Amino acid sequence: MKAFVTGAAGFIGSNVVDRLLEQGHSVTGIDNLSSGHPKFLEGARTSPRFRFIKADLMSKKTLERIVPRETNWVFHFAANADVRHGLKHPYRDLEQNTLATFNLLEAMRKLRVRNIVFSSTGSIYGESTMFPTPEDAPFPIQTSLYGASKLAAEGLISAYVEGFQFKALIFRFVSILGERYSHGHVFDFMKLLKRNPKVLPVLGNGKQTKSYLYIQDCVDAIFRAIKSRWPKPIQIINLGTHEHVTVNESIDVICEELGVAPRRRYAGGDRGWIGDSPFIFLDCRKMLRTGWKPRVNIRDAVRRTVNYLQSNPWLLSARN
C-alpha cells in the first residue's frame, strides 16, 4: 500500500504512520506542526519508506503537488481539535476541519485517488437521547463548532463518494487515550497537578460521563475496517468501548498513579463548557461485527496515558 497521512505528526496520525511502516507500506505524511510534534515521527524518519512534508491543507495547488498519484489510501487526521475554546476562534474549526477536508477531496479527485479514512467524532451527536448512541441516531441540534465542522466534512465526503466514486470509512471516535496523547482531560489535569498538587480545579461537577478508547485499539480498528468487506462504498462507524467513566473516576485513577490527593474545586454545572456533552456513549456493534474488540479498558488506558506523560515531561511543557 502507498498511504498519504494528514496530521502525521499528531497523536493518532503518528501512531497510524508507525503501524503502516510496521506493515511494510510506503507513507507520505503531511503536518503543519501547529499542534503536531516532530518527536512523534523520530522512529518513522529512520525508514526509507517514509517521507515527511511540512505543509498545511489550505492550498489545493500544494496538495496536488504532494499527494502521490499512486496513493491507495488517504488517512485524514489533520484537524483543529480544540473543542473547549471553539467559540473564541469560530473560523478555525471551519477552516481546519471543513475547508481543509474540501481541499484534500479536490486534490484527490484531480489525482484520481479514491479511498479515504476520515477521523470524525462522537461529538456530532450533540446531546443525544439514545444510549448507547447508534450511527443512525437522529441528529439533535449541534452543540459545538467542532462537531458541526466535522459533520459538514462528513457531508462533503459522502457527496464525493456519490459523485466521484470515492470509497470512504468515516470513524466517529470517542476520545482517544494513550501514548503521544497531547490534549484532553488527562493532559489538562496533569498540567494542573504539576502546578499545584494540593488543589485541582474541575470544570463542571465532575459527573460528566464519557467513553474513551486506547490508541492501539483505535489503530487496530482502522486497519481491521480497511480489510473488511462493506456493502456500501461509504461506511460511518462508531468507535469506542462498551464502558464509560465519570470525570471524577478519571481523576481518581490519575491521582492514584501520581500519588497525590488534591482537594477538588468544582466550577459547578453539568458540563465543563458550552458544547461539552454531559454523556457520550456510542453503540459500536457495527465495528464489533468485524471481529475487532478493544483490549484495554478505560482505567488502564488512563494509567498508560499518565505513565507516558510522566516519561515524557517535555510534552506537558510544550506549546499546545
# chains A, B, ... in the order shown; residues from 1 in each chain; ligands from 1
>>> residues_around(residues="A:Ile215", least_positions_apart="3", cutoff="10 Å", atoms="only C-alpha atoms", output="list of chain:residue names")
A:Phe11, A:Ile12, A:Asn15, A:Val16, A:Ser175, A:Ile176, A:Leu177, A:Gly178, A:Glu179, A:Arg180, A:Tyr181, A:Tyr212, A:Cys218, A:Val219, A:Asp220, A:Ala221, A:Pro294, A:Val296, A:Ala301, A:Thr305
>>> select_by_dssp(residues="stretch 72-313 of chain A", states="strand (DSSP E or B)", output="VMD selection string")
chain A and resid 73 to 76 115 to 121 133 167 to 173 175 to 177 199 to 202 204 209 to 210 212 to 214 234 to 239 245 to 246 263 to 266 268 279 to 280 282
>>> write_last_selection(atoms="N, CA and C atoms", output="compact mmCIF listing (two decimals), in the first residue's frame")
# COMPACT_ATOMS: atom_id res chain seq x y z
N TRP A 73 -4.55 4.75 -0.21
CA TRP A 73 -5.45 5.24 0.84
C TRP A 73 -4.94 6.57 1.39
N VAL A 74 -5.85 7.50 1.58
CA VAL A 74 -5.59 8.73 2.31
C VAL A 74 -6.15 8.57 3.72
N PHE A 75 -5.32 8.85 4.72
CA PHE A 75 -5.74 8.82 6.12
C PHE A 75 -5.77 10.27 6.60
N HIS A 76 -6.98 10.79 6.80
CA HIS A 76 -7.13 12.22 7.07
C HIS A 76 -7.39 12.47 8.55
N ASN A 115 -9.69 6.53 -2.22
CA ASN A 115 -10.00 5.90 -0.93
C ASN A 115 -9.57 6.78 0.24
N ILE A 116 -10.48 7.02 1.18
CA ILE A 116 -10.16 7.90 2.31
C ILE A 116 -10.68 7.34 3.62
N VAL A 117 -9.83 7.44 4.64
CA VAL A 117 -10.22 7.20 6.04
C VAL A 117 -10.31 8.57 6.69
N PHE A 118 -11.43 8.85 7.35
CA PHE A 118 -11.64 10.17 7.95
C PHE A 118 -11.93 10.03 9.44
N SER A 119 -11.26 10.86 10.22
CA SER A 119 -11.50 10.87 11.67
C SER A 119 -12.55 11.92 12.00
N SER A 120 -13.77 11.44 12.22
CA SER A 120 -14.84 12.32 12.68
C SER A 120 -14.92 12.19 14.21
N THR A 121 -16.06 12.40 14.78
CA THR A 121 -16.16 12.47 16.23
C THR A 121 -17.56 12.12 16.72
N THR A 133 -25.40 5.33 21.70
CA THR A 133 -25.87 6.05 20.52
C THR A 133 -25.43 5.33 19.24
N LYS A 167 -14.37 5.87 -2.15
CA LYS A 167 -14.68 4.91 -1.09
C LYS A 167 -14.23 5.54 0.22
N ALA A 168 -15.10 5.54 1.24
CA ALA A 168 -14.78 6.24 2.48
C ALA A 168 -15.14 5.42 3.71
N LEU A 169 -14.25 5.47 4.68
CA LEU A 169 -14.51 4.95 6.02
C LEU A 169 -14.47 6.15 6.96
N ILE A 170 -15.62 6.49 7.53
CA ILE A 170 -15.73 7.63 8.43
C ILE A 170 -15.87 7.10 9.85
N PHE A 171 -14.90 7.40 10.70
CA PHE A 171 -14.92 6.93 12.09
C PHE A 171 -15.37 8.05 13.02
N ARG A 172 -16.43 7.78 13.75
CA ARG A 172 -16.86 8.70 14.80
C ARG A 172 -16.27 8.21 16.11
N PHE A 173 -15.15 8.82 16.48
CA PHE A 173 -14.39 8.39 17.65
C PHE A 173 -14.98 8.95 18.94
N SER A 175 -13.23 9.94 22.71
CA SER A 175 -11.90 10.49 22.97
C SER A 175 -10.89 9.34 23.06
N ILE A 176 -9.72 9.56 22.49
CA ILE A 176 -8.68 8.54 22.44
C ILE A 176 -7.62 8.85 23.49
N LEU A 177 -7.10 7.80 24.12
CA LEU A 177 -6.07 7.93 25.16
C LEU A 177 -4.86 7.09 24.78
N VAL A 199 -4.52 21.29 45.14
CA VAL A 199 -5.87 21.73 44.74
C VAL A 199 -6.04 21.49 43.24
N LEU A 200 -7.14 20.83 42.87
CA LEU A 200 -7.40 20.55 41.46
C LEU A 200 -8.70 21.21 41.01
N PRO A 201 -8.62 22.24 40.16
CA PRO A 201 -9.85 22.82 39.60
C PRO A 201 -10.49 21.84 38.62
N VAL A 202 -11.81 21.69 38.72
CA VAL A 202 -12.55 20.76 37.85
C VAL A 202 -13.71 21.51 37.21
N GLY A 204 -17.25 21.99 35.57
CA GLY A 204 -18.49 21.25 35.79
C GLY A 204 -18.53 20.66 37.19
N THR A 209 -19.95 12.16 32.01
CA THR A 209 -19.64 10.74 31.78
C THR A 209 -19.28 10.52 30.32
N LYS A 210 -18.12 9.91 30.10
CA LYS A 210 -17.61 9.73 28.74
C LYS A 210 -17.03 8.33 28.57
N TYR A 212 -13.95 6.27 26.53
CA TYR A 212 -12.63 6.54 25.98
C TYR A 212 -12.09 5.26 25.37
N LEU A 213 -11.13 5.40 24.44
CA LEU A 213 -10.56 4.25 23.75
C LEU A 213 -9.04 4.39 23.69
N TYR A 214 -8.35 3.29 23.93
CA TYR A 214 -6.89 3.27 23.90
C TYR A 214 -6.40 3.36 22.45
N ILE A 234 -19.45 3.86 1.25
CA ILE A 234 -19.22 4.72 2.40
C ILE A 234 -19.74 4.03 3.65
N GLN A 235 -18.92 4.01 4.69
CA GLN A 235 -19.33 3.43 5.95
C GLN A 235 -19.04 4.42 7.07
N ILE A 236 -20.07 4.68 7.87
CA ILE A 236 -19.92 5.50 9.06
C ILE A 236 -19.86 4.55 10.24
N ILE A 237 -18.78 4.64 11.02
CA ILE A 237 -18.50 3.63 12.03
C ILE A 237 -18.20 4.30 13.37
N ASN A 238 -19.03 4.01 14.37
CA ASN A 238 -18.72 4.44 15.73
C ASN A 238 -17.53 3.65 16.24
N LEU A 239 -16.68 4.32 16.99
CA LEU A 239 -15.52 3.63 17.55
C LEU A 239 -15.33 4.05 19.00
N VAL A 245 -16.80 6.18 32.00
CA VAL A 245 -16.41 6.62 33.34
C VAL A 245 -16.79 8.09 33.51
N THR A 246 -16.91 8.50 34.75
CA THR A 246 -17.13 9.92 35.04
C THR A 246 -15.79 10.64 35.11
N ARG A 263 -7.47 18.46 46.90
CA ARG A 263 -8.86 18.87 47.12
C ARG A 263 -9.41 19.30 45.77
N ARG A 264 -10.59 18.83 45.44
CA ARG A 264 -11.18 19.15 44.14
C ARG A 264 -12.08 20.39 44.26
N ARG A 265 -11.83 21.33 43.40
CA ARG A 265 -12.60 22.57 43.42
C ARG A 265 -13.44 22.61 42.14
N TYR A 266 -14.74 22.38 42.30
CA TYR A 266 -15.65 22.26 41.16
C TYR A 266 -16.19 23.62 40.73
N GLY A 268 -18.91 23.79 38.93
CA GLY A 268 -20.36 23.63 39.02
C GLY A 268 -21.02 23.50 37.66
N PHE A 279 -22.88 13.43 28.54
CA PHE A 279 -22.82 11.98 28.44
C PHE A 279 -22.54 11.58 26.99
N ILE A 280 -21.43 10.90 26.76
CA ILE A 280 -21.10 10.37 25.43
C ILE A 280 -20.83 8.88 25.57
N LEU A 282 -21.19 5.51 22.82
CA LEU A 282 -21.55 5.12 21.47
C LEU A 282 -21.83 3.63 21.34
>>> closest_residue(among="A:Lys2, A:Lys110, A:Lys198, A:Arg303", to="A:Thr71", atoms="only C-alpha atoms")
A:Lys2
>>> residues_around(residues="A:Ile141", least_positions_apart="5", cutoff="9 Å", atoms="only C-alpha atoms", output="number ranges by chain")
A: 125-127
>>> write_last_selection(atoms="N, CA and C atoms", output="PDB file, in the first residue's frame")
ATOM      1  N   TYR A 125     -23.087  13.889  17.519  1.00  0.00           N
ATOM      2  CA  TYR A 125     -24.409  13.508  18.030  1.00  0.00           C
ATOM      3  C   TYR A 125     -24.973  14.552  18.993  1.00  0.00           C
ATOM      4  N   GLY A 126     -24.192  15.593  19.290  1.00  0.00           N
ATOM      5  CA  GLY A 126     -24.670  16.628  20.194  1.00  0.00           C
ATOM      6  C   GLY A 126     -25.049  16.028  21.537  1.00  0.00           C
ATOM      7  N   GLU A 127     -26.210  16.397  22.042  1.00  0.00           N
ATOM      8  CA  GLU A 127     -26.691  15.818  23.304  1.00  0.00           C
ATOM      9  C   GLU A 127     -27.789  14.816  22.971  1.00  0.00           C
TER      10      GLU A 127
END
>>> closest_residue(among="A:Thr143, A:Thr6, A:Ser47, A:Asn307", to="A:Ile66", atoms="only C-alpha atoms")
A:Thr6
>>> select_by_dssp(residues="stretch 58-295 of chain A", states="alpha helix (DSSP H)", output="ChimeraX atom specification")
/A:60-66,90-93,100-111,145-164,185-195,215-227,247-258,285-288
>>> residues_around(residues="stretch 182-186 of chain A", least_positions_apart="3", cutoff="8 Å", atoms="only C-alpha atoms", output="PyMOL selection string")
chain A and resi 11+189-190+250+254+302+305-306+315-316+320
>>> closest_residue(among="A:Ala3, A:Ile157, A:Ile251, A:Leu193", to="A:Gln23", atoms="only C-alpha atoms")
A:Ala3
>>> atom_distance(atom1="atom CA of A:Pro231", atom2="atom CA of A:Arg285")
15.8 Å
>>> residues_around(residues="stretch 92-101 of chain A", least_positions_apart="6", cutoff="7 Å", atoms="only C-alpha atoms", output="ChimeraX atom specification")
/A:57-58,79-80,145-146,149-150,152-153
>>> atom_distance(atom1="atom CA of A:Lys60", atom2="atom CA of A:Met108")
9.8 Å
>>> residues_around(residues="A:Arg224", least_positions_apart="6", cutoff="9 Å", atoms="only C-alpha atoms", output="ChimeraX atom specification")
/A:287,290-292
>>> atom_distance(atom1="atom CA of A:Asn72", atom2="atom CA of A:Val113")
6.9 Å
>>> closest_residue(among="A:Asp252, A:Ala9, A:Lys293, A:Arg51", to="A:Gln216", atoms="only C-alpha atoms")
A:Lys293
